[in-house]
Structures are given as C-alpha cells and as structure tokens.
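> Enclosed is the structure file start_5.csv (CSV, N, CA and C atoms).
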```
chain,number,residue,atom,x,y,z
A,1,SER,N,-3.2,-1.7,-5.6
A,1,SER,CA,-2.0,-1.0,-6.1
A,1,SER,C,-1.1,-0.4,-4.9
A,2,GLN,N,-1.8,0.0,-3.8
A,2,GLN,CA,-1.1,0.4,-2.7
A,2,GLN,C,-2.0,0.5,-1.5
A,3,PRO,N,-1.4,0.3,-0.3
A,3,PRO,CA,-2.2,0.5,1.0
A,3,PRO,C,-2.6,1.9,1.2
A,4,ARG,N,-3.7,2.1,1.8
A,4,ARG,CA,-4.2,3.4,2.2
A,4,ARG,C,-3.6,3.7,3.6
A,5,TYR,N,-2.8,4.8,3.6
A,5,TYR,CA,-2.1,5.1,4.8
A,5,TYR,C,-2.9,6.2,5.6
A,6,PRO,N,-3.4,5.9,6.7
A,6,PRO,CA,-4.3,6.8,7.4
A,6,PRO,C,-3.5,8.1,7.9
A,7,CYS,N,-4.2,9.2,7.8
A,7,CYS,CA,-3.6,10.5,8.2
A,7,CYS,C,-4.4,11.1,9.3
A,8,PHE,N,-4.0,12.4,9.6
A,8,PHE,CA,-4.6,13.1,10.7
A,8,PHE,C,-6.1,13.3,10.5
A,9,LYS,N,-6.6,13.4,9.3
A,9,LYS,CA,-8.0,13.7,9.0
A,9,LYS,C,-8.9,12.7,9.6
A,10,ILE,N,-8.5,11.4,9.8
A,10,ILE,CA,-9.4,10.4,10.4
A,10,ILE,C,-9.6,10.8,11.8
A,11,SER,N,-8.6,11.4,12.5
A,11,SER,CA,-8.8,11.8,13.9
A,11,SER,C,-9.7,13.0,14.0
A,12,GLN,N,-9.6,13.9,13.0
A,12,GLN,CA,-10.4,15.1,13.0
A,12,GLN,C,-11.9,14.7,12.9
A,13,LYS,N,-12.2,13.7,12.1
A,13,LYS,CA,-13.6,13.3,11.9
A,13,LYS,C,-14.1,12.4,13.0
A,14,HIS,N,-13.3,11.5,13.5
A,14,HIS,CA,-13.8,10.4,14.3
A,14,HIS,C,-13.3,10.4,15.8
A,15,GLY,N,-12.4,11.3,16.1
A,15,GLY,CA,-12.1,11.3,17.6
A,15,GLY,C,-10.6,11.3,18.0
A,16,PRO,N,-10.2,10.2,18.6
A,16,PRO,CA,-8.9,10.2,19.3
A,16,PRO,C,-7.7,10.7,18.4
A,17,ALA,N,-6.8,11.4,19.0
A,17,ALA,CA,-5.7,11.9,18.2
A,17,ALA,C,-4.8,10.8,17.7
A,18,ASP,N,-4.8,9.7,18.4
A,18,ASP,CA,-3.9,8.6,18.0
A,18,ASP,C,-4.7,7.6,17.1
A,19,LEU,N,-5.8,7.9,16.6
A,19,LEU,CA,-6.6,7.0,15.7
A,19,LEU,C,-5.8,6.5,14.5
A,20,PRO,N,-5.0,7.4,13.8
A,20,PRO,CA,-4.2,6.9,12.7
A,20,PRO,C,-3.3,5.7,13.1
A,21,ALA,N,-2.6,5.9,14.3
A,21,ALA,CA,-1.8,4.8,14.8
A,21,ALA,C,-2.5,3.6,15.1
A,22,GLN,N,-3.7,3.7,15.7
A,22,GLN,CA,-4.6,2.6,16.0
A,22,GLN,C,-4.9,1.8,14.7
A,23,VAL,N,-5.3,2.6,13.7
A,23,VAL,CA,-5.7,1.9,12.4
A,23,VAL,C,-4.5,1.2,11.8
A,24,LEU,N,-3.3,1.8,11.9
A,24,LEU,CA,-2.1,1.1,11.4
A,24,LEU,C,-1.8,-0.1,12.1
A,25,ASP,N,-2.0,-0.1,13.4
A,25,ASP,CA,-1.7,-1.3,14.2
A,25,ASP,C,-2.6,-2.5,13.8
A,26,THR,N,-3.8,-2.2,13.3
A,26,THR,CA,-4.7,-3.3,12.9
A,26,THR,C,-4.3,-3.9,11.6
A,27,ARG,N,-3.6,-3.2,10.8
A,27,ARG,CA,-3.2,-3.6,9.4
A,27,ARG,C,-4.4,-3.6,8.5
A,28,TYR,N,-5.5,-3.0,8.9
A,28,TYR,CA,-6.7,-3.0,8.0
A,28,TYR,C,-7.0,-1.6,7.6
A,29,SER,N,-6.1,-0.9,7.0
A,29,SER,CA,-6.3,0.5,6.6
A,29,SER,C,-7.0,0.7,5.3
A,30,GLY,N,-7.1,-0.4,4.6
A,30,GLY,CA,-7.7,-0.3,3.2
A,30,GLY,C,-6.6,-0.2,2.2
A,31,PHE,N,-7.0,-0.2,0.9
A,31,PHE,CA,-6.0,-0.1,-0.2
A,31,PHE,C,-6.7,0.5,-1.4
A,32,TYR,N,-5.8,1.0,-2.3
A,32,TYR,CA,-6.3,1.6,-3.5
A,32,TYR,C,-6.1,0.6,-4.6
A,33,LEU,N,-7.0,0.5,-5.5
A,33,LEU,CA,-6.9,-0.3,-6.7
A,33,LEU,C,-6.7,0.7,-7.9
A,34,ARG,N,-6.1,0.2,-9.0
A,34,ARG,CA,-6.0,1.0,-10.2
A,34,ARG,C,-6.7,0.2,-11.3
A,35,VAL,N,-7.1,1.0,-12.3
A,35,VAL,CA,-7.8,0.4,-13.5
A,35,VAL,C,-6.8,0.0,-14.5
A,36,LEU,N,-6.8,-1.2,-14.9
A,36,LEU,CA,-5.8,-1.7,-15.9
A,36,LEU,C,-6.5,-1.7,-17.3
A,37,ARG,N,-7.8,-1.9,-17.3
A,37,ARG,CA,-8.6,-2.0,-18.5
A,37,ARG,C,-10.0,-1.4,-18.2
A,38,GLU,N,-10.3,-0.3,-19.0
A,38,GLU,CA,-11.6,0.3,-18.8
A,38,GLU,C,-12.7,-0.6,-19.1
A,39,GLY,N,-13.9,-0.5,-18.5
A,39,GLY,CA,-15.0,-1.2,-18.7
A,39,GLY,C,-16.2,-0.7,-17.9
A,40,LYS,N,-17.3,-1.5,-18.0
A,40,LYS,CA,-18.5,-1.1,-17.2
A,40,LYS,C,-18.6,-2.0,-16.0
A,41,ILE,N,-19.1,-1.4,-14.9
A,41,ILE,CA,-19.4,-2.2,-13.7
A,41,ILE,C,-20.6,-1.5,-13.1
A,42,SER,N,-21.5,-2.3,-12.6
A,42,SER,CA,-22.8,-1.8,-12.0
A,42,SER,C,-23.0,-2.3,-10.6
A,43,THR,N,-23.8,-1.6,-9.9
A,43,THR,CA,-24.2,-2.1,-8.5
A,43,THR,C,-24.6,-3.5,-8.6
A,44,GLY,N,-24.1,-4.4,-7.7
A,44,GLY,CA,-24.5,-5.8,-7.7
A,44,GLY,C,-23.6,-6.7,-8.5
A,45,ASP,N,-22.7,-6.1,-9.4
A,45,ASP,CA,-21.8,-7.0,-10.2
A,45,ASP,C,-20.8,-7.6,-9.2
A,46,ALA,N,-20.4,-8.8,-9.5
A,46,ALA,CA,-19.4,-9.4,-8.8
A,46,ALA,C,-18.0,-8.9,-9.2
A,47,ILE,N,-17.1,-8.8,-8.2
A,47,ILE,CA,-15.7,-8.5,-8.5
A,47,ILE,C,-14.9,-9.7,-8.1
A,48,VAL,N,-14.2,-10.3,-9.1
A,48,VAL,CA,-13.6,-11.6,-8.8
A,48,VAL,C,-12.1,-11.4,-9.0
A,49,LYS,N,-11.3,-11.8,-8.0
A,49,LYS,CA,-9.9,-11.8,-8.1
A,49,LYS,C,-9.4,-12.9,-9.1
A,50,LYS,N,-8.7,-12.6,-10.1
A,50,LYS,CA,-8.3,-13.6,-11.1
A,50,LYS,C,-7.0,-14.2,-10.9
A,51,GLU,N,-6.1,-13.5,-10.3
A,51,GLU,CA,-4.7,-14.0,-10.1
A,51,GLU,C,-4.1,-13.3,-8.9
A,52,ASN,N,-3.0,-14.0,-8.4
A,52,ASN,CA,-2.3,-13.4,-7.2
A,52,ASN,C,-1.1,-12.6,-7.7
A,53,GLY,N,-0.6,-12.9,-8.9
A,53,GLY,CA,0.6,-12.2,-9.3
A,53,GLY,C,1.8,-13.0,-8.9
A,54,ASP,N,3.0,-12.4,-9.1
A,54,ASP,CA,4.3,-13.1,-8.9
A,54,ASP,C,4.8,-13.0,-7.5
A,55,SER,N,4.2,-12.1,-6.7
A,55,SER,CA,4.7,-11.9,-5.3
A,55,SER,C,3.8,-12.4,-4.3
A,56,ASN,N,4.3,-12.7,-3.1
A,56,ASN,CA,3.5,-13.1,-2.0
A,56,ASN,C,3.3,-11.9,-1.1
A,57,ALA,N,3.6,-10.7,-1.5
A,57,ALA,CA,3.5,-9.5,-0.7
A,57,ALA,C,2.0,-9.2,-0.4
A,58,SER,N,1.7,-9.1,0.8
A,58,SER,CA,0.3,-8.7,1.2
A,58,SER,C,0.2,-7.2,1.4
A,59,VAL,N,-1.0,-6.7,1.4
A,59,VAL,CA,-1.2,-5.3,1.7
A,59,VAL,C,-0.7,-5.0,3.1
A,60,ALA,N,-0.9,-5.9,4.1
A,60,ALA,CA,-0.4,-5.7,5.4
A,60,ALA,C,1.1,-5.6,5.5
A,61,HIS,N,1.8,-6.4,4.7
A,61,HIS,CA,3.2,-6.4,4.7
A,61,HIS,C,3.8,-5.1,4.1
A,62,VAL,N,3.2,-4.7,3.0
A,62,VAL,CA,3.6,-3.4,2.4
A,62,VAL,C,3.4,-2.3,3.4
A,63,LEU,N,2.3,-2.2,4.0
A,63,LEU,CA,1.9,-1.2,5.0
A,63,LEU,C,3.0,-1.2,6.1
A,64,TYR,N,3.3,-2.4,6.6
A,64,TYR,CA,4.3,-2.5,7.6
A,64,TYR,C,5.7,-2.0,7.2
A,65,LEU,N,6.0,-2.3,6.0
A,65,LEU,CA,7.3,-1.8,5.4
A,65,LEU,C,7.3,-0.2,5.2
A,66,MET,N,6.1,0.3,4.9
A,66,MET,CA,6.0,1.8,4.9
A,66,MET,C,6.3,2.4,6.2
A,67,GLN,N,6.0,1.7,7.3
A,67,GLN,CA,6.3,2.2,8.6
A,67,GLN,C,7.7,2.0,9.1
A,68,VAL,N,8.3,0.8,8.8
A,68,VAL,CA,9.6,0.5,9.4
A,68,VAL,C,10.8,0.9,8.5
A,69,GLY,N,10.5,1.1,7.2
A,69,GLY,CA,11.6,1.6,6.3
A,69,GLY,C,12.8,0.7,6.2
A,70,LEU,N,13.9,1.3,6.5
A,70,LEU,CA,15.2,0.6,6.2
A,70,LEU,C,15.5,-0.5,7.1
A,71,GLN,N,14.7,-0.8,8.1
A,71,GLN,CA,15.0,-1.9,9.0
A,71,GLN,C,14.9,-3.2,8.2
A,72,GLU,N,14.2,-3.2,7.1
A,72,GLU,CA,13.9,-4.4,6.3
A,72,GLU,C,14.4,-4.2,4.9
A,73,LYS,N,15.7,-4.0,4.7
A,73,LYS,CA,16.3,-3.7,3.4
A,73,LYS,C,16.0,-4.8,2.3
A,74,ALA,N,16.1,-6.0,2.7
A,74,ALA,CA,15.9,-7.1,1.7
A,74,ALA,C,14.5,-7.1,1.2
A,75,ALA,N,13.5,-6.9,2.1
A,75,ALA,CA,12.1,-6.8,1.7
A,75,ALA,C,11.8,-5.6,0.8
A,76,LEU,N,12.4,-4.5,1.2
A,76,LEU,CA,12.2,-3.3,0.4
A,76,LEU,C,12.8,-3.5,-1.0
A,77,ALA,N,14.0,-4.1,-1.1
A,77,ALA,CA,14.6,-4.4,-2.4
A,77,ALA,C,13.8,-5.3,-3.3
A,78,GLU,N,13.1,-6.2,-2.7
A,78,GLU,CA,12.2,-7.1,-3.4
A,78,GLU,C,11.0,-6.3,-4.0
A,79,LEU,N,10.4,-5.4,-3.1
A,79,LEU,CA,9.2,-4.7,-3.5
A,79,LEU,C,9.4,-3.6,-4.5
A,80,VAL,N,10.6,-3.0,-4.6
A,80,VAL,CA,10.9,-2.0,-5.6
A,80,VAL,C,10.7,-2.5,-7.0
A,81,GLU,N,10.8,-3.9,-7.2
A,81,GLU,CA,10.7,-4.5,-8.5
A,81,GLU,C,9.3,-5.0,-8.8
A,82,LEU,N,8.4,-4.9,-7.8
A,82,LEU,CA,7.0,-5.4,-8.0
A,82,LEU,C,6.2,-4.4,-8.7
A,83,GLU,N,5.9,-4.6,-10.0
A,83,GLU,CA,5.2,-3.7,-10.9
A,83,GLU,C,3.7,-3.5,-10.5
A,84,ALA,N,3.2,-4.5,-9.8
A,84,ALA,CA,1.8,-4.4,-9.3
A,84,ALA,C,1.6,-3.3,-8.3
A,85,LEU,N,2.7,-3.0,-7.6
A,85,LEU,CA,2.7,-1.9,-6.5
A,85,LEU,C,2.9,-0.6,-7.2
A,86,SER,N,2.2,0.4,-6.7
A,86,SER,CA,2.2,1.7,-7.3
A,86,SER,C,3.6,2.3,-7.3
A,87,ALA,N,3.8,3.2,-8.4
A,87,ALA,CA,5.1,3.8,-8.5
A,87,ALA,C,5.4,4.7,-7.3
A,88,VAL,N,4.4,5.3,-6.7
A,88,VAL,CA,4.6,6.2,-5.5
A,88,VAL,C,5.2,5.4,-4.4
A,89,VAL,N,4.7,4.2,-4.1
A,89,VAL,CA,5.2,3.4,-3.0
A,89,VAL,C,6.6,2.8,-3.4
A,90,ARG,N,6.7,2.3,-4.6
A,90,ARG,CA,8.0,1.8,-5.1
A,90,ARG,C,9.1,2.9,-5.0
A,91,ASN,N,8.8,4.1,-5.4
A,91,ASN,CA,9.8,5.2,-5.3
A,91,ASN,C,10.1,5.6,-3.9
A,92,LYS,N,9.1,5.5,-3.0
A,92,LYS,CA,9.4,5.7,-1.5
A,92,LYS,C,10.4,4.7,-1.0
A,93,PHE,N,10.2,3.4,-1.4
A,93,PHE,CA,11.1,2.3,-1.0
A,93,PHE,C,12.5,2.5,-1.7
A,94,ARG,N,12.5,2.9,-3.0
A,94,ARG,CA,13.8,3.1,-3.7
A,94,ARG,C,14.6,4.3,-3.0
A,95,LYS,N,13.9,5.3,-2.6
A,95,LYS,CA,14.5,6.4,-1.9
A,95,LYS,C,15.2,6.0,-0.6
A,96,GLN,N,14.4,5.1,0.1
A,96,GLN,CA,15.0,4.6,1.4
A,96,GLN,C,16.2,3.8,1.2
A,97,LEU,N,16.3,3.2,0.0
A,97,LEU,CA,17.5,2.3,-0.3
A,97,LEU,C,18.6,3.1,-1.0
A,98,GLY,N,18.3,4.4,-1.3
A,98,GLY,CA,19.4,5.2,-1.9
A,98,GLY,C,19.4,4.9,-3.4
A,99,MET,N,18.3,4.5,-4.0
A,99,MET,CA,18.2,4.2,-5.4
A,99,MET,C,17.5,5.4,-6.1
A,100,PRO,N,17.8,5.5,-7.4
A,100,PRO,CA,17.1,6.6,-8.2
A,100,PRO,C,15.6,6.2,-8.4
A,101,GLU,N,14.8,7.3,-8.5
A,101,GLU,CA,13.3,7.0,-8.7
A,101,GLU,C,13.1,6.5,-10.1
A,102,ILE,N,11.9,5.9,-10.3
A,102,ILE,CA,11.5,5.4,-11.6
A,102,ILE,C,10.5,6.3,-12.2
```
Give the structure from this file in structure tokens form.

Amino acid sequence: SQPRYPCFKISQKHGPADLPAQVLDTRYSGFYLRVLREGKISTGDAIVKKENGDSNASVAHVLYLMQVGLQEKAALAELVELEALSAVVRNKFRKQLGMPEI
C-alpha cells in the first residue's frame, strides 16, 4: 500500500546518523500492506501475489517520488489516481501538485 520511509529512529537503534539516507539510497526500505479481506493466516502459510494491478509503479519508484517531489510532476499526477497506493501517500503527492486532498 505504501513504501516504508526510514526515519531517525533507525539511526538511534543501529548507528550512523546518516543511516536513513543510506537505506533510502538502496530503495529497499520495505513497504506496508493493507488488509482488503479479513481471513486466517498461520505460520508457514504461503503468501501468493495474485495480480499486478493497473500500474507499473514499483515500491522503489514511489519511494523515489516521495524524495524528489515536484521534479516529476507527470509521474506524481499518475500516482494520485492509483487506488492501490495509500491515501496518505496519494494526498502527499496531491498536495505537491496543488490539488485538494481526498
């Protein structure tokens, strides 16, 4: 649903002050999923990706756009319409484009 944006807490726990920036540079910061349908899952159960959705947007690309903002207006405009992306991130992009929040 959205990339995990590393903050200062990772530095407090693991060391260098610039660790959040180092994690961002790798584009492997992790991501949050949301539950669309409740159900049961147990240790050892397989989690299978069923579909890609309508967009080619990757977690790394969304994370990149969270960093560069208005430098990529066309990409931001495309992502504000992507319902699979969290409302928090979509509203951040909408704000950067001068659009009202959803």
> From a DSSP pass on the backbone, collect the residues of chain A flagged as helix (DSSP H, G or I) and hand them back as a PyMOL selection string.
chain A and resi 8-14+19-26+59-79+87-96
> Mind dumping the selected residues with N, CA and C atoms as a CSV table (one decimal), in the frame of the given file?

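Written out: selection_3.csv:
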```
chain,number,residue,atom,x,y,z
A,8,PHE,N,-4.0,12.4,9.6
A,8,PHE,CA,-4.6,13.1,10.7
A,8,PHE,C,-6.1,13.3,10.5
A,9,LYS,N,-6.6,13.4,9.3
A,9,LYS,CA,-8.0,13.7,9.0
A,9,LYS,C,-8.9,12.7,9.6
A,10,ILE,N,-8.5,11.4,9.8
A,10,ILE,CA,-9.4,10.4,10.4
A,10,ILE,C,-9.6,10.8,11.8
A,11,SER,N,-8.6,11.4,12.5
A,11,SER,CA,-8.8,11.8,13.9
A,11,SER,C,-9.7,13.0,14.0
A,12,GLN,N,-9.6,13.9,13.0
A,12,GLN,CA,-10.4,15.1,13.0
A,12,GLN,C,-11.9,14.7,12.9
A,13,LYS,N,-12.2,13.7,12.1
A,13,LYS,CA,-13.6,13.3,11.9
A,13,LYS,C,-14.1,12.4,13.0
A,14,HIS,N,-13.3,11.5,13.5
A,14,HIS,CA,-13.8,10.4,14.3
A,14,HIS,C,-13.3,10.4,15.8
A,19,LEU,N,-5.8,7.9,16.6
A,19,LEU,CA,-6.6,7.0,15.7
A,19,LEU,C,-5.8,6.5,14.5
A,20,PRO,N,-5.0,7.4,13.8
A,20,PRO,CA,-4.2,6.9,12.7
A,20,PRO,C,-3.3,5.7,13.1
A,21,ALA,N,-2.6,5.9,14.3
A,21,ALA,CA,-1.8,4.8,14.8
A,21,ALA,C,-2.5,3.6,15.1
A,22,GLN,N,-3.7,3.7,15.7
A,22,GLN,CA,-4.6,2.6,16.0
A,22,GLN,C,-4.9,1.8,14.7
A,23,VAL,N,-5.3,2.6,13.7
A,23,VAL,CA,-5.7,1.9,12.4
A,23,VAL,C,-4.5,1.2,11.8
A,24,LEU,N,-3.3,1.8,11.9
A,24,LEU,CA,-2.1,1.1,11.4
A,24,LEU,C,-1.8,-0.1,12.1
A,25,ASP,N,-2.0,-0.1,13.4
A,25,ASP,CA,-1.7,-1.3,14.2
A,25,ASP,C,-2.6,-2.5,13.8
A,26,THR,N,-3.8,-2.2,13.3
A,26,THR,CA,-4.7,-3.3,12.9
A,26,THR,C,-4.3,-3.9,11.6
A,59,VAL,N,-1.0,-6.7,1.4
A,59,VAL,CA,-1.2,-5.3,1.7
A,59,VAL,C,-0.7,-5.0,3.1
A,60,ALA,N,-0.9,-5.9,4.1
A,60,ALA,CA,-0.4,-5.7,5.4
A,60,ALA,C,1.1,-5.6,5.5
A,61,HIS,N,1.8,-6.4,4.7
A,61,HIS,CA,3.2,-6.4,4.7
A,61,HIS,C,3.8,-5.1,4.1
A,62,VAL,N,3.2,-4.7,3.0
A,62,VAL,CA,3.6,-3.4,2.4
A,62,VAL,C,3.4,-2.3,3.4
A,63,LEU,N,2.3,-2.2,4.0
A,63,LEU,CA,1.9,-1.2,5.0
A,63,LEU,C,3.0,-1.2,6.1
A,64,TYR,N,3.3,-2.4,6.6
A,64,TYR,CA,4.3,-2.5,7.6
A,64,TYR,C,5.7,-2.0,7.2
A,65,LEU,N,6.0,-2.3,6.0
A,65,LEU,CA,7.3,-1.8,5.4
A,65,LEU,C,7.3,-0.2,5.2
A,66,MET,N,6.1,0.3,4.9
A,66,MET,CA,6.0,1.8,4.9
A,66,MET,C,6.3,2.4,6.2
A,67,GLN,N,6.0,1.7,7.3
A,67,GLN,CA,6.3,2.2,8.6
A,67,GLN,C,7.7,2.0,9.1
A,68,VAL,N,8.3,0.8,8.8
A,68,VAL,CA,9.6,0.5,9.4
A,68,VAL,C,10.8,0.9,8.5
A,69,GLY,N,10.5,1.1,7.2
A,69,GLY,CA,11.6,1.6,6.3
A,69,GLY,C,12.8,0.7,6.2
A,70,LEU,N,13.9,1.3,6.5
A,70,LEU,CA,15.2,0.6,6.2
A,70,LEU,C,15.5,-0.5,7.1
A,71,GLN,N,14.7,-0.8,8.1
A,71,GLN,CA,15.0,-1.9,9.0
A,71,GLN,C,14.9,-3.2,8.2
A,72,GLU,N,14.2,-3.2,7.1
A,72,GLU,CA,13.9,-4.4,6.3
A,72,GLU,C,14.4,-4.2,4.9
A,73,LYS,N,15.7,-4.0,4.7
A,73,LYS,CA,16.3,-3.7,3.4
A,73,LYS,C,16.0,-4.8,2.3
A,74,ALA,N,16.1,-6.0,2.7
A,74,ALA,CA,15.9,-7.1,1.7
A,74,ALA,C,14.5,-7.1,1.2
A,75,ALA,N,13.5,-6.9,2.1
A,75,ALA,CA,12.1,-6.8,1.7
A,75,ALA,C,11.8,-5.6,0.8
A,76,LEU,N,12.4,-4.5,1.2
A,76,LEU,CA,12.2,-3.3,0.4
A,76,LEU,C,12.8,-3.5,-1.0
A,77,ALA,N,14.0,-4.1,-1.1
A,77,ALA,CA,14.6,-4.4,-2.4
A,77,ALA,C,13.8,-5.3,-3.3
A,78,GLU,N,13.1,-6.2,-2.7
A,78,GLU,CA,12.2,-7.1,-3.4
A,78,GLU,C,11.0,-6.3,-4.0
A,79,LEU,N,10.4,-5.4,-3.1
A,79,LEU,CA,9.2,-4.7,-3.5
A,79,LEU,C,9.4,-3.6,-4.5
A,87,ALA,N,3.8,3.2,-8.4
A,87,ALA,CA,5.1,3.8,-8.5
A,87,ALA,C,5.4,4.7,-7.3
A,88,VAL,N,4.4,5.3,-6.7
A,88,VAL,CA,4.6,6.2,-5.5
A,88,VAL,C,5.2,5.4,-4.4
A,89,VAL,N,4.7,4.2,-4.1
A,89,VAL,CA,5.2,3.4,-3.0
A,89,VAL,C,6.6,2.8,-3.4
A,90,ARG,N,6.7,2.3,-4.6
A,90,ARG,CA,8.0,1.8,-5.1
A,90,ARG,C,9.1,2.9,-5.0
A,91,ASN,N,8.8,4.1,-5.4
A,91,ASN,CA,9.8,5.2,-5.3
A,91,ASN,C,10.1,5.6,-3.9
A,92,LYS,N,9.1,5.5,-3.0
A,92,LYS,CA,9.4,5.7,-1.5
A,92,LYS,C,10.4,4.7,-1.0
A,93,PHE,N,10.2,3.4,-1.4
A,93,PHE,CA,11.1,2.3,-1.0
A,93,PHE,C,12.5,2.5,-1.7
A,94,ARG,N,12.5,2.9,-3.0
A,94,ARG,CA,13.8,3.1,-3.7
A,94,ARG,C,14.6,4.3,-3.0
A,95,LYS,N,13.9,5.3,-2.6
A,95,LYS,CA,14.5,6.4,-1.9
A,95,LYS,C,15.2,6.0,-0.6
A,96,GLN,N,14.4,5.1,0.1
A,96,GLN,CA,15.0,4.6,1.4
A,96,GLN,C,16.2,3.8,1.2
```
> Which residue is closest to Ala60 (chain A)? Choose from A:Leu76, A:Tyr28, A:Arg90, A:Ala46 and count only N, CA and C atoms.
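The closest residue to Ala60 (chain A) is A:Tyr28.
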> Can you sort out the box for region 75-86 of chain A, edges along x, y and z, all listed atoms in, 5 Å on every side, with centre and edge lengths in Å to one decimal, as lines of an AutoDock Vina configuration file?

```
center_x = 8.1
center_y = -2.4
center_z = -4.4
size_x = 23.0
size_y = 19.4
size_z = 23.0
```
> Which residue gives the smallest distance to Val35 (chain A) among A:Gln67, A:Ser58, A:Ser86, A:Ser11, with only C-alpha atoms counted?
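Answer, going by the shortest atom-to-atom distance: A:Ser86.
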> Using only N, CA and C atoms, which of the listed residues (A:Ile41, A:Ala87, A:Leu70, A:Leu63) sits closest to Arg4 (chain A)?
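Among the listed residues, A:Leu63 lies closest to Arg4 (chain A).
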> Using DSSP secondary structure from the backbone, list all strand (DSSP E or B) positions within chain A, as a PyMOL selection string.
chain A and resi 2-3+31-32
> Which value, in Å to one decimal, gives the distance between atom N of Glu78 (chain A) and atom C of Phe93 (chain A)?
8.8 Å
> Can you work out the spacing between atom N of Pro3 (chain A) and CA of Ser29 (chain A) in Å, to one decimal?
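We find that atom N of Pro3 (chain A) and CA of Ser29 (chain A) lie 8.5 Å from each other.
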> Distance CA of Leu85 (chain A)-CA of Ile102 (chain A), one decimal place?
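Between these atoms lies a distance of 12.5 Å.
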> Using only C-alpha atoms for the distances, tell me which of A:Ala74, A:Pro16, A:Glu38, A:Gly69 is nearest to Val89 (chain A).
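Answer, going by the shortest atom-to-atom distance: A:Gly69.
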> Mind checking which residues fall within 6.5 Å of Pro20 (chain A), counting all atoms listed in the file, ignoring those fewer than 6 positions away in the same chain, and posting them as a list of chain:residue names?
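Counting only the stated atoms, we get A:Pro6, A:Cys7, A:Phe8, A:Ile10, A:Ser11.
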> Would you mind listing what lies within 12 Å of Ser55 (chain A) as a count of residues only, with only C-alpha atoms counted and same-chain residues fewer than 6 positions away left out?
11
> So, counting only N, CA and C atoms, which residue among A:Ala17, A:Ala77, A:Val59, A:Ile47 is closest to Gly30 (chain A)?
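Under the stated criterion, the closest residue is A:Val59.
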> Name the closest residue to Tyr32 (chain A) among the candidates A:Gln2, A:Leu65, A:Gly98, A:Asn91; distances are taken between atoms, counting all atoms listed in the file.
A:Gln2
> Restrict the output to region 47-66 of chain A and C-alpha atoms, then write it as a compact mmCIF listing (two decimals), in the first residue's frame.

```txt
# COMPACT_ATOMS: atom_id res chain seq x y z
CA ILE A 47 1.51 -15.72 0.56
CA VAL A 48 0.95 -15.57 -3.18
CA LYS A 49 0.77 -12.43 -5.29
CA LYS A 50 -2.34 -12.80 -7.43
CA GLU A 51 -2.17 -9.73 -9.64
CA ASN A 52 -0.05 -6.71 -10.53
CA GLY A 53 -2.85 -4.20 -10.81
CA ASP A 54 -3.25 -1.49 -13.40
CA SER A 55 0.01 0.36 -12.83
CA ASN A 56 3.64 -0.43 -13.44
CA ALA A 57 4.62 1.65 -10.39
CA SER A 58 7.12 -0.13 -8.17
CA VAL A 59 7.73 0.44 -4.47
CA ALA A 60 11.17 1.81 -5.38
CA HIS A 61 9.65 4.30 -7.85
CA VAL A 62 7.07 5.56 -5.33
CA LEU A 63 9.81 5.90 -2.71
CA TYR A 64 11.92 7.86 -5.19
CA LEU A 65 8.99 10.20 -5.90
CA MET A 66 8.46 10.71 -2.18
```
